[in-house]
Amino acid sequence: MAANRNLLILPGDGIGPEVMGEVKRVINWMDGNRAVSFDVDEDLVGGCAYDAHGAPIADATMDKALKADAVLLGAVGGKKWESLPFEDQPERGLLRLRKDMELFANLRPAIVFDALAEASTLKTDLVAGLDILIIRELTGGVYFGEPRGITDLPNGERRGVNTQVYDTYEIVRIGRIAFELAAKRGGRLCSVEKANVMESGVLWREEMTKLHTDYPDIELSHMYADNCAMQLVRAPKQFDVIVTDNLFGDLLSDCAAMLTGSLGMLPSASLGAADETGRRKALYEPVHGSAPDIAGENKANPLATILSYAMMLRYSFDLGDEADLLENAVKSVLDKGLRTPDIMQDGKELISTTDMGQAVVDEMAALAK
Ligand code: NAD
């Protein structure tokens, strides 16, 4: 079927191709059963791209990524390429994608499926049913601000400097994404900074407050980042969507990830600016790496990548019903007690990567009846 939706798949290295194989199973099912089709192209990134082209991402692949409606990536890296020069390292392919696509908004959901609530290090009742979204500014702030560096002082000491800097346009563009996504979810947005001690935080809070007038239906709150860290482990279900800067987002999204207890379950998305047609460049990928220790053994958990694909359906293609169906199928498979080794629990049924992919497809078919 003619699709008009261009999807570039970059499986990458290690378990990347294995988990992506299960996404392809889902894509094929949706094509055949839901009339949801994509023009799918596939290419290399990471170590495999270096082996083929002498670079962790070829220029031609980069061009395809810039033209695609969405890019879905597996994972990159592995022992084989560890001694390559810095610029040729597999991760540089991923960093180039993020940079050239100007992906300034990183979306990290932390969802706890009831069946896995016991895997969290927090008490089950604190996290069961958790569904929050952390939106982190990805291209500005203290990781990029100037001046930066280490200098020698006349007194023989050394000084390390990094600069936290945000211009209004950077705050406004991530703020808009946050308000828009809050509107597609529970309608509550918490903006996080340190306005009590940082001028960049004061500006962040002022700009978010101004933006709020464009989104009167959203409930906006403000919180200091240190309090947010505390609240995330005290009562995480109080949040719906959190938006914050690069540094605080780095810390808070990892903290939220651990509430879920499993790396193999965590999806992510990175979004860029909208063009005149409203289309945003977008990269979807699991949070985990290429897991060389289990690569090729049909043991990897494909659910993080499958859930990244569900995010793509929702955020790049407005296919909310299909995203719901897929997420509900994942929930149902877990409720039935099927587990890959990384999420195995007593009394549950241990299955392989491919069996997990097939189980999700079977469950979609059952739920769609
Ligand atoms: P990793 O995420 O690959 O693995 C950490 C641990 O989690 C391993 O024990 C692994 O077996 C397990 N794990 C990860 N994903 C899993 C899954 N889907 N199912 C079951 N178990 C899973 O991190 P690492 O070991 O620090 O790094 C391995 C390689 O991946 C390195 O080359 C690193 O640079 C690269 N890496 C890539 C990305 C990326 O592509 N986005 C992210 C992190 C690390």
# chains A, B, ... in the order shown; residues from 1 in each chain; ligands from 1
>>> closest_atom_pairs(of="chain A", to="ligand 1", cutoff="7 Å", atoms="only C-alpha atoms and all ligand atoms", output="tab-separated table")
residue	atom	partner	partner_atom_place_in_ligand_line	distance
A:Gly74	CA	ligand 1	40 (O)	6.7
A:Ala75	CA	ligand 1	40 (O)	3.4
A:Val76	CA	ligand 1	40 (O)	3.9
A:Gly77	CA	ligand 1	32 (O)	3.5
A:Gly78	CA	ligand 1	32 (O)	4.0
A:Lys79	CA	ligand 1	32 (O)	6.4
A:Glu91	CA	ligand 1	34 (O)	6.5
A:Leu263	CA	ligand 1	15 (N)	5.9
A:Gly264	CA	ligand 1	18 (N)	4.0
A:Pro286	CA	ligand 1	41 (N)	7.0
A:Val287	CA	ligand 1	41 (N)	6.0
A:His288	CA	ligand 1	2 (O)	3.8
A:Gly289	CA	ligand 1	3 (O)	3.2
A:Ser290	CA	ligand 1	30 (O)	4.1
A:Ala291	CA	ligand 1	3 (O)	3.3
A:Pro292	CA	ligand 1	28 (C)	5.9
A:Asp293	CA	ligand 1	11 (O)	5.3
A:Ile294	CA	ligand 1	11 (O)	5.4
A:Lys299	CA	ligand 1	20 (C)	6.6
A:Ala300	CA	ligand 1	19 (N)	3.7
A:Asn301	CA	ligand 1	19 (N)	3.7
A:Pro302	CA	ligand 1	18 (N)	5.6
A:Ala304	CA	ligand 1	18 (N)	6.6
A:Pro341	CA	ligand 1	20 (C)	6.9
A:Asp342	CA	ligand 1	20 (C)	4.9
>>> residues_around(residues="range 269-277 of chain A", least_positions_apart="4", cutoff="8 Å", atoms="only C-alpha atoms", output="list in words")
Arg98, Met101, Glu102, Leu103, Phe104, Ala105, Asn106, Leu107, Arg108, Arg173, Lys281, Ala282, Leu283, Tyr284, Glu285, Ser308, Met311 and Met312 of chain A
>>> write_last_selection(atoms="C-alpha atoms", output="short mmCIF file (atom, residue, chain, number, x, y, z; two decimals), in the first residue's frame")
data_model
loop_
_atom_site.label_atom_id
_atom_site.label_comp_id
_atom_site.auth_asym_id
_atom_site.auth_seq_id
_atom_site.Cartn_x
_atom_site.Cartn_y
_atom_site.Cartn_z
CA ARG A 98 21.33 14.07 16.99
CA MET A 101 18.94 16.64 12.84
CA GLU A 102 19.04 19.41 15.51
CA LEU A 103 17.14 17.30 18.02
CA PHE A 104 16.74 19.62 20.98
CA ALA A 105 14.00 17.82 22.90
CA ASN A 106 14.62 14.46 24.52
CA LEU A 107 11.53 12.57 25.67
CA ARG A 108 11.96 9.83 28.23
CA ARG A 173 10.76 25.93 21.70
CA LYS A 281 12.54 15.69 12.65
CA ALA A 282 12.49 12.80 15.08
CA LEU A 283 14.70 9.96 16.27
CA TYR A 284 13.31 7.10 18.34
CA GLU A 285 15.55 4.64 20.18
CA SER A 308 10.03 3.40 21.01
CA MET A 311 6.14 6.57 20.61
CA MET A 312 6.89 7.13 16.93
#
>>> closest_atom_pairs(of="range 224-312 of chain A", to="range 201-217 of chain A", cutoff="10 Å", atoms="only C-alpha atoms", output="JSON lines")
{"residue": "A:Tyr224", "atom": "CA", "partner": "A:Gly201", "partner_atom": "CA", "distance": 9.0}
{"residue": "A:Ala225", "atom": "CA", "partner": "A:Gly201", "partner_atom": "CA", "distance": 9.9}
{"residue": "A:Val243", "atom": "CA", "partner": "A:Met208", "partner_atom": "CA", "distance": 9.8}
{"residue": "A:Thr244", "atom": "CA", "partner": "A:Trp204", "partner_atom": "CA", "distance": 8.9}
{"residue": "A:Asp245", "atom": "CA", "partner": "A:Trp204", "partner_atom": "CA", "distance": 8.8}
>>> write_last_selection(atoms="N, CA, C and O atoms", output="compact mmCIF listing (two decimals), in the first residue's frame")
# COMPACT_ATOMS: atom_id res chain seq x y z
N TYR A 224 11.66 23.40 42.08
CA TYR A 224 13.12 23.44 42.07
C TYR A 224 13.64 22.03 41.81
O TYR A 224 13.06 21.03 42.29
N ALA A 225 14.77 21.95 41.10
CA ALA A 225 15.27 20.65 40.65
C ALA A 225 15.60 19.71 41.81
O ALA A 225 15.37 18.50 41.73
N VAL A 243 9.24 19.16 32.41
CA VAL A 243 10.15 19.74 31.41
C VAL A 243 11.28 20.44 32.15
O VAL A 243 11.07 21.14 33.13
N THR A 244 12.50 20.21 31.67
CA THR A 244 13.64 20.79 32.37
C THR A 244 14.84 20.94 31.44
O THR A 244 14.79 20.53 30.27
N ASP A 245 15.91 21.54 31.96
CA ASP A 245 17.05 21.85 31.09
C ASP A 245 17.93 20.61 30.90
O ASP A 245 17.62 19.51 31.35
>>> residues_around(residues="range 154-167 of chain A", least_positions_apart="3", cutoff="12 Å", atoms="only C-alpha atoms", output="ChimeraX atom specification")
/A:137-151,170-174,193-194,198-205,207,244-248
>>> write_last_selection(atoms="N, CA, C and O atoms", output="compact mmCIF listing (two decimals), in the first residue's frame")
# COMPACT_ATOMS: atom_id res chain seq x y z
N GLU A 137 15.81 19.35 27.73
CA GLU A 137 16.43 20.16 26.68
C GLU A 137 17.78 19.52 26.38
O GLU A 137 18.53 19.18 27.29
N LEU A 138 18.10 19.36 25.10
CA LEU A 138 19.23 18.49 24.77
C LEU A 138 20.41 19.19 24.11
O LEU A 138 21.49 18.60 24.00
N THR A 139 20.24 20.39 23.62
CA THR A 139 21.34 20.98 22.83
C THR A 139 21.89 22.27 23.42
O THR A 139 22.73 22.92 22.81
N GLY A 140 21.40 22.68 24.60
CA GLY A 140 21.88 23.93 25.19
C GLY A 140 22.34 23.72 26.62
O GLY A 140 22.62 22.60 27.04
N GLY A 141 22.41 24.83 27.35
CA GLY A 141 22.74 24.75 28.77
C GLY A 141 24.22 24.53 29.03
O GLY A 141 25.09 24.76 28.19
N VAL A 142 24.49 24.03 30.21
CA VAL A 142 25.86 24.01 30.73
C VAL A 142 26.78 23.04 29.97
O VAL A 142 28.01 23.20 29.99
N TYR A 143 26.24 22.08 29.25
CA TYR A 143 27.09 21.15 28.50
C TYR A 143 27.68 21.80 27.25
O TYR A 143 28.60 21.27 26.63
N PHE A 144 27.11 22.93 26.83
CA PHE A 144 27.57 23.57 25.60
C PHE A 144 27.99 25.02 25.81
O PHE A 144 28.63 25.61 24.95
N GLY A 145 27.61 25.63 26.94
CA GLY A 145 27.81 27.06 27.15
C GLY A 145 29.28 27.48 27.15
O GLY A 145 30.16 26.73 27.57
N GLU A 146 29.54 28.71 26.68
CA GLU A 146 30.88 29.29 26.68
C GLU A 146 30.89 30.48 27.65
O GLU A 146 29.86 31.15 27.77
N PRO A 147 32.00 30.81 28.33
CA PRO A 147 33.26 30.09 28.26
C PRO A 147 33.24 28.76 29.00
O PRO A 147 32.42 28.54 29.88
N ARG A 148 34.16 27.89 28.58
CA ARG A 148 34.33 26.62 29.24
C ARG A 148 35.81 26.25 29.17
O ARG A 148 36.55 26.76 28.34
N GLY A 149 36.24 25.35 30.02
CA GLY A 149 37.63 24.90 29.93
C GLY A 149 38.30 24.87 31.30
O GLY A 149 37.70 25.18 32.33
N ILE A 150 39.57 24.48 31.27
CA ILE A 150 40.38 24.45 32.49
C ILE A 150 41.54 25.41 32.27
O ILE A 150 42.24 25.32 31.26
N THR A 151 41.72 26.36 33.17
CA THR A 151 42.80 27.33 33.01
C THR A 151 43.75 27.28 34.21
O THR A 151 43.36 26.89 35.32
N GLU A 170 15.43 29.14 23.04
CA GLU A 170 15.67 27.74 23.42
C GLU A 170 14.65 27.26 24.45
O GLU A 170 14.21 26.11 24.44
N ILE A 171 14.28 28.17 25.35
CA ILE A 171 13.30 27.83 26.38
C ILE A 171 11.91 27.72 25.76
O ILE A 171 11.16 26.77 26.03
N VAL A 172 11.62 28.67 24.85
CA VAL A 172 10.27 28.70 24.27
C VAL A 172 10.02 27.46 23.40
O VAL A 172 8.96 26.85 23.46
N ARG A 173 11.04 27.05 22.61
CA ARG A 173 10.76 25.93 21.70
C ARG A 173 10.59 24.61 22.47
O ARG A 173 9.74 23.80 22.11
N ILE A 174 11.35 24.42 23.54
CA ILE A 174 11.14 23.18 24.30
C ILE A 174 9.85 23.30 25.13
O ILE A 174 9.12 22.33 25.32
N GLU A 193 13.52 23.92 37.47
CA GLU A 193 14.77 24.69 37.36
C GLU A 193 15.26 24.99 38.78
O GLU A 193 14.76 24.41 39.74
N LYS A 194 16.22 25.91 38.88
CA LYS A 194 16.67 26.36 40.20
C LYS A 194 16.59 27.89 40.20
O LYS A 194 17.61 28.58 40.31
N MET A 198 19.71 30.53 40.44
CA MET A 198 20.31 30.70 39.11
C MET A 198 19.47 31.63 38.24
O MET A 198 18.26 31.42 38.09
N GLU A 199 20.14 32.63 37.62
CA GLU A 199 19.41 33.56 36.75
C GLU A 199 18.81 32.82 35.54
O GLU A 199 17.73 33.16 35.07
N SER A 200 19.56 31.82 35.04
CA SER A 200 19.01 31.05 33.90
C SER A 200 17.71 30.37 34.33
O SER A 200 16.79 30.19 33.51
N GLY A 201 17.62 30.01 35.58
CA GLY A 201 16.39 29.41 36.11
C GLY A 201 15.27 30.43 36.22
O GLY A 201 14.10 30.12 35.98
N VAL A 202 15.64 31.67 36.60
CA VAL A 202 14.62 32.74 36.68
C VAL A 202 14.03 32.97 35.30
O VAL A 202 12.81 33.04 35.10
N LEU A 203 14.93 33.05 34.29
CA LEU A 203 14.46 33.27 32.91
C LEU A 203 13.59 32.10 32.46
O LEU A 203 12.53 32.29 31.86
N TRP A 204 14.02 30.89 32.76
CA TRP A 204 13.26 29.68 32.39
C TRP A 204 11.85 29.76 32.96
O TRP A 204 10.86 29.55 32.26
N ARG A 205 11.75 30.11 34.24
CA ARG A 205 10.44 30.17 34.89
C ARG A 205 9.57 31.27 34.29
O ARG A 205 8.39 31.06 34.02
N GLU A 207 9.74 32.54 31.23
CA GLU A 207 9.32 32.20 29.86
C GLU A 207 8.23 31.12 29.88
O GLU A 207 7.29 31.16 29.08
N THR A 244 12.50 20.21 31.67
CA THR A 244 13.64 20.79 32.37
C THR A 244 14.84 20.94 31.44
O THR A 244 14.79 20.53 30.27
N ASP A 245 15.91 21.54 31.96
CA ASP A 245 17.05 21.85 31.09
C ASP A 245 17.93 20.61 30.90
O ASP A 245 17.62 19.51 31.35
N ASN A 246 19.04 20.81 30.22
CA ASN A 246 19.90 19.70 29.82
C ASN A 246 20.51 18.97 31.03
O ASN A 246 20.42 17.75 31.16
N LEU A 247 21.10 19.76 31.93
CA LEU A 247 21.78 19.16 33.10
C LEU A 247 20.79 18.49 34.05
O LEU A 247 20.93 17.31 34.40
N PHE A 248 19.77 19.23 34.45
CA PHE A 248 18.81 18.65 35.40
C PHE A 248 18.07 17.47 34.74
O PHE A 248 17.77 16.46 35.40
>>> select_by_dssp(residues="range 192-312 of chain A", states="alpha helix (DSSP H)", output="MDAnalysis selection string")
chainID A and resid 199:212 225:234 246:260 303:312
>>> residues_around(residues="range 318-327 of chain A", least_positions_apart="4", cutoff="12 Å", atoms="only C-alpha atoms", output="tab-separated table (two decimals) with C-alpha atoms, in the first residue's frame")
chain	number	residue	atom	x	y	z
A	5	ARG	CA	5.24	7.97	5.63
A	23	VAL	CA	9.79	-4.14	15.45
A	26	VAL	CA	5.06	-5.38	14.38
A	27	ILE	CA	5.34	-3.15	11.29
A	29	TRP	CA	1.40	-6.90	11.19
A	30	MET	CA	0.15	-3.30	11.19
A	31	ASP	CA	0.64	-3.11	7.44
A	33	ASN	CA	-4.10	-5.68	9.60
A	34	ARG	CA	-4.47	-1.98	10.38
A	35	ALA	CA	-3.73	-0.45	6.97
A	36	VAL	CA	-0.89	1.47	8.62
A	37	SER	CA	1.96	1.40	6.13
A	111	ILE	CA	6.19	3.71	32.67
A	112	VAL	CA	5.79	0.94	35.21
A	113	PHE	CA	3.69	-1.93	33.95
A	181	LEU	CA	2.64	16.79	24.78
A	184	LYS	CA	-1.95	14.76	24.55
A	185	ARG	CA	-1.56	13.19	28.01
A	265	MET	CA	11.84	-1.67	28.93
A	267	PRO	CA	11.97	3.80	25.16
A	278	GLY	CA	4.22	20.99	11.21
A	279	ARG	CA	6.52	18.00	10.63
A	303	LEU	CA	10.18	-4.24	24.33
A	304	ALA	CA	12.16	-0.98	24.73
A	305	THR	CA	12.53	-0.77	20.95
A	306	ILE	CA	8.93	-1.84	20.35
A	307	LEU	CA	7.78	0.86	22.80
A	308	SER	CA	10.03	3.40	21.01
A	309	TYR	CA	8.16	2.48	17.83
A	310	ALA	CA	4.86	3.08	19.70
A	311	MET	CA	6.14	6.57	20.61
A	312	MET	CA	6.89	7.13	16.93
A	313	LEU	CA	3.33	6.17	15.98
A	314	ARG	CA	1.98	8.62	18.55
A	331	LYS	CA	1.02	-4.84	28.93
A	332	SER	CA	-1.06	-7.92	28.23
A	333	VAL	CA	1.97	-10.06	27.34
A	334	LEU	CA	3.56	-9.08	30.66
A	357	GLY	CA	8.03	-10.18	19.46
A	359	ALA	CA	3.69	-12.74	21.56
A	360	VAL	CA	3.20	-8.98	21.18
A	361	VAL	CA	1.89	-9.42	17.64
A	362	ASP	CA	-0.45	-12.24	18.72
A	363	GLU	CA	-1.75	-10.06	21.53
A	364	MET	CA	-2.34	-7.13	19.15
A	365	ALA	CA	-4.32	-9.46	16.94
A	366	ALA	CA	-6.39	-10.65	19.92
A	367	LEU	CA	-7.02	-7.12	21.24
A	368	ALA	CA	-7.96	-5.79	17.79
A	369	LYS	CA	-10.74	-8.37	17.35
>>> closest_residue(among="A:Leu130, A:Cys228, A:Val241, A:Thr124", to="Ala183 in chain A", atoms="only C-alpha atoms")
A:Val241
>>> residues_around(residues="Asn4 in chain A", least_positions_apart="4", cutoff="12 Å", atoms="only C-alpha atoms", output="list of chain:residue names")
A:Val36, A:Ser37, A:Phe38, A:Asp39, A:Val40, A:Ala68, A:Asp69, A:Ala70, A:Phe317
>>> residues_around(residues="Arg96 in chain A", least_positions_apart="5", cutoff="12 Å", atoms="only C-alpha atoms", output="PDB file with C-alpha atoms, in the first residue's frame")
ATOM      1  CA  VAL A  45      24.989   3.174  11.773  1.00  0.00           C
ATOM      2  CA  GLY A  46      27.737   2.570  14.338  1.00  0.00           C
ATOM      3  CA  ALA A  55      32.731   6.124   9.102  1.00  0.00           C
ATOM      4  CA  PRO A  56      30.174   5.526  11.888  1.00  0.00           C
ATOM      5  CA  ILE A  57      27.528   7.031   9.656  1.00  0.00           C
ATOM      6  CA  ALA A  58      27.900   7.595   5.899  1.00  0.00           C
ATOM      7  CA  ASP A  59      26.909  10.974   4.412  1.00  0.00           C
ATOM      8  CA  THR A  61      22.720   7.673   5.373  1.00  0.00           C
ATOM      9  CA  MET A  62      22.720  11.061   7.065  1.00  0.00           C
ATOM     10  CA  ASP A  63      20.894  12.526   4.031  1.00  0.00           C
ATOM     11  CA  ALA A  65      17.822  10.542   8.013  1.00  0.00           C
ATOM     12  CA  LEU A  66      17.321  14.252   7.308  1.00  0.00           C
ATOM     13  CA  GLU A  87      35.955  10.423  15.644  1.00  0.00           C
ATOM     14  CA  ASP A  88      35.346   6.904  14.282  1.00  0.00           C
ATOM     15  CA  GLN A  89      33.783   5.457  17.432  1.00  0.00           C
ATOM     16  CA  PRO A  90      30.300   3.940  16.810  1.00  0.00           C
ATOM     17  CA  GLU A  91      28.675   6.444  19.213  1.00  0.00           C
ATOM     18  CA  MET A 101      18.939  16.639  12.837  1.00  0.00           C
ATOM     19  CA  GLU A 102      19.037  19.414  15.510  1.00  0.00           C
ATOM     20  CA  LEU A 103      17.145  17.304  18.018  1.00  0.00           C
ATOM     21  CA  LEU A 283      14.704   9.963  16.268  1.00  0.00           C
TER      22      LEU A 283
END
>>> closest_residue(among="A:Gly187, A:Gly347, A:Gly296, A:Pro236", to="Gly16 in chain A", atoms="only C-alpha atoms")
A:Gly296
>>> select_by_dssp(residues="range 63-236 of chain A", states="strand (DSSP E or B)", output="number ranges by chain")
A: 70-75, 105-111, 131-137, 149-152, 158-161, 188-193, 219-224
>>> residues_around(residues="Ile9 in chain A", least_positions_apart="3", cutoff="8 Å", atoms="only C-alpha atoms", output="VMD selection string")
chain A and resid 40 to 43 71 to 73
>>> write_last_selection(atoms="C-alpha atoms", output="mmCIF file, in the first residue's frame")
data_model
loop_
_atom_site.group_PDB
_atom_site.id
_atom_site.type_symbol
_atom_site.label_atom_id
_atom_site.label_comp_id
_atom_site.auth_asym_id
_atom_site.auth_seq_id
_atom_site.Cartn_x
_atom_site.Cartn_y
_atom_site.Cartn_z
ATOM 1 C CA VAL A 40 10.659 1.647 5.177
ATOM 2 C CA ASP A 41 14.299 2.090 4.301
ATOM 3 C CA GLU A 42 17.107 0.466 6.257
ATOM 4 C CA ASP A 43 20.736 1.467 6.607
ATOM 5 C CA VAL A 71 14.240 7.505 12.259
ATOM 6 C CA LEU A 72 14.161 4.393 14.446
ATOM 7 C CA LEU A 73 17.520 3.306 15.846
#
>>> closest_residue(among="A:Asp152, A:Asp13, A:Asp226, A:Asp114", to="Val330 in chain A", atoms="only C-alpha atoms")
A:Asp114
>>> atom_distance(atom1="CA of Cys48 in chain A", atom2="CA of Leu266 in chain A")
23.8 Å
